[in-house]
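Here the structure comes first, spelled out in structure tokens, and everything after it is commentary.
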Amino acid sequence: MKMFKHKSIARKRVLRMIGIILGTVIGALLLFCFVVLLIVWSWSPSKIEPYYDDSGKALPGSISEIIHMEIGNVEQGMIIKGKDVNNPVLLFLHGGPGNPQYVIFSDIGLEDYFTVCWWDQHGSGMSYSSKRDCESVTLEQMVSDTVEVTNYLRQRFGKEKIYLMGQSFGSFLGINTVDRHPELYEAYIGINQVTNQLESEKLGYESMMYIAQASGDKESIQKLDKYQLDGADTITNDYLALRSSIMLKQGTGTFHNNSTTVFQYAIMPLLKAREYTLSDKYGFIAGSLFMLNSPVNKAQFTTNVMETIPKIDIPVYILHGVYDRQASYELSQRYIEILKAPKKEFYAFESSAHGAHMEEPERVIEIIREDILGIGKEGNISD
């Protein structure tokens with residue numbers, strides 16, 4: 001009887017000790033989460049720094065604004081920055097849909113040459129709301145929104161036309177917009193241009209398998225074997241998540257340099273972005289999930305712009321990483337060959353994959369300055 005009693009007491013002591021340890025761990029985790037949340041909140045005042053001259057005063061003629069306005073009957077947000085409001089205006093269309101890029105791409109120097117509008121598209125970042133239905137976000141609506149933002153910029157800055165730049169999904173939206181409304185734009189700049197995304201996914205699958213087999217990556221082969229890409233309906237969200245992770249590892253996804261992590265290039269810059277509120281930062285993450293099932297995202301996988309947009313009435317410049325298998329480099333190259341336009345140029349980025357604008361930003365600026373704007377190295381307009 002005493003033995004049972006001793007065992008019962010020992011058991012209670014062990015359980016009490018386990019409870020103390022678990023309570024300590026949970027308390028520490030809660031404290032850690034609270035501290036992290038407090039730090040992120042302190043980094044999220046929705047404030048934007050002006051440009052300063054050499055004397056530390058606000059640069060005359062510059063602009064740095066966070067704007068919320070109604071676009072397509074929905075409140076949406078954007079950031080407008082530039083060192084001289086007399087410069088040409090550039091509207092940047094981010095990828096995804098649902099992946100704003102201001103926090104990861106706004107420091108490469110575009111504002112030296114343009115007044116840049118970093119618009120968070122419907123359902124993304126500053127424009128995210130859990131009360132909205134993604135089923136209303138069609139390609140037609142997104143093109144209409146783009147035109148509405150364009151006309152706001154034209155009117156505000158007194159420009160007859162502006163420049164349009166799109167990256168990844170933004171290039172799909174951009175090419176459709178300039179096709180329908182060429183009169184609004186000076187030129188179109190596509191970075192990692194989306195052309196025939198269903199075919200691109202099939203080519204990308206073959207590439208992933210080839211690299212995995214060549215490197216003996218049995219884990220990736222096993223995961224990929226579960227999928228058969230027969231049509232747009234087989235491009236599931238689970239597959240896209242797998243594709244992105246494997247391509248990032250293989251150097252054919254977001255970056256060719258596969259040592260760069262998502263935390264480094266996206267999450268940490270987002271957390272530290274003072275221009276965003278805590279709610280905006282939540283919208284940055286939630287928006288990418290929100291837009292996955294939208295009609296405009298489905299349109300991206302069911303449209304072949306080689307067939308639907310064989311001609312554009314303004315200059316077209318395409319910049320593409322040669323290692324990109326997320327939006328096929330080969331298909332983009334083929335598209336520029338068959339496209340009819342008053343002027344067209346294709347630039348191969350030899351050290352990049354899907355993030356050419358992030359891996360070789362200096363070359364992006366060089367192309368813009370010298371080839372698109374015609375500004376010589378000394379800062380003069382070229383003949």
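Chain lettering (A, B, ...) mirrors the order of the structure tokens, residue numbering begins at 1 for each chain separately, and ligand numbering begins at 1 in order of display.
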Please produce, as a Markdown table, a per-residue contact table for stretch 89-160 of chain A versus stretch 361-377 of chain A (criterion: any atom at most 12 Å away, only C-alpha atoms considered), showing the nearest atom pair and its distance in Å to one decimal, sorted by chain then residue number.
| residue | atom | partner | partner_atom | distance |
| --- | --- | --- | --- | --- |
| A:Val89 | CA | A:Leu373 | CA | 11.7 |
| A:Leu90 | CA | A:Ile368 | CA | 11.3 |
| A:Ile104 | CA | A:Pro361 | CA | 11.5 |
| A:Phe105 | CA | A:Pro361 | CA | 8.8 |
| A:Ser106 | CA | A:Pro361 | CA | 10.5 |
| A:Asp107 | CA | A:Pro361 | CA | 9.4 |
| A:Ile108 | CA | A:Pro361 | CA | 6.0 |
| A:Gly109 | CA | A:Ile365 | CA | 7.1 |
| A:Leu110 | CA | A:Ile365 | CA | 6.9 |
| A:Glu111 | CA | A:Ile365 | CA | 10.3 |
| A:Asp112 | CA | A:Ile365 | CA | 9.5 |
| A:Tyr113 | CA | A:Arg369 | CA | 7.5 |
| A:Phe114 | CA | A:Leu373 | CA | 10.0 |
- Message: Just want the 7 Å neighbourhood of A:Met306, counted on only C-alpha atoms, with same-chain residues fewer than 3 positions away dropped. Output as number ranges by chain.
- Response: A: 195, 309-310, 335
- Item | Atom pair atom CA of A:Ile175 / atom CA of A:Gly283: separation (Å) |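 Distance between the two atoms: 25.8 Å.
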- Write down as number ranges by chain the residues of stretch 15-223 of chain A whose backbone DSSP state falls under strand (DSSP E or B). A: 52, 58, 63-71, 74-82, 89-93, 95, 99, 115-120, 162-167, 185-191, 196
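With only C-alpha atoms as the atoms that count, the minimum distance from A:Phe157 to the choices A:Glu49, A:Asp324, A:Asp84, A:Glu183 is reached by A:Asp84.
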- Item | Nearby residues (only C-alpha atoms) at most 9 Å from stretch 162-169 of chain A, same-chain spacing under 2 positions excluded, as an MDAnalysis selection string | chainID A and resid 88:97 150 153:154 159:160 171:175 178 184:194 297 300 326:327 354:355 357
- Top pick for closest residue to A:Pro315, considering A:Ala241, A:Leu292, A:Ala356, A:Ala341 and counting only C-alpha atoms: A:Ala341
- Message: I need the residues in stretch 47-238 of chain A that are alpha helix (DSSP H) according to DSSP; give them as an MDAnalysis selection string.
- Response: chainID A and resid 102:105 139:157 169:180 197:215 218:224 237:238
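Every protein, DNA or RNA residue with an atom at most 9 Å from A:Ile80, where only C-alpha atoms count and chain neighbours fewer than 5 positions away do not, is listed here: Ile63, Ser64, Glu65, Ile66, Ile67, Thr115, Val116, Cys117, Trp118 and Trp119 of chain A.
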May I have a table of the residues of stretch 272-342 of chain A lying at most 9 Å from stretch 218-236 of chain A, giving each one's closest pair of atoms and their distance in Å to one decimal, counting only C-alpha atoms, ordered by chain and ascending residue number, as CSV?
residue,atom,partner,partner_atom,distance
A:Lys298,CA,A:Ala232,CA,7.8
A:Phe301,CA,A:Ala232,CA,5.9
A:Thr302,CA,A:Ala232,CA,6.2
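The residue that comes closest to A:Gly204, out of A:Tyr102, A:Tyr265, A:Phe284, A:Tyr323 and on the basis of only C-alpha atoms, is A:Tyr323.
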- Message: Using only C-alpha atoms, can you tell me which of A:Ile314, A:Met126, A:Met268, A:Leu278 comes closest to A:Gly98?
- Response: A:Met126
- Message: Would you compute the distance between atom CA of A:Ser46 and atom CA of A:Ile79? Give it in Å to one decimal.
- Response: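 Between atom CA of A:Ser46 and atom CA of A:Ile79 the gap is 10.7 Å.
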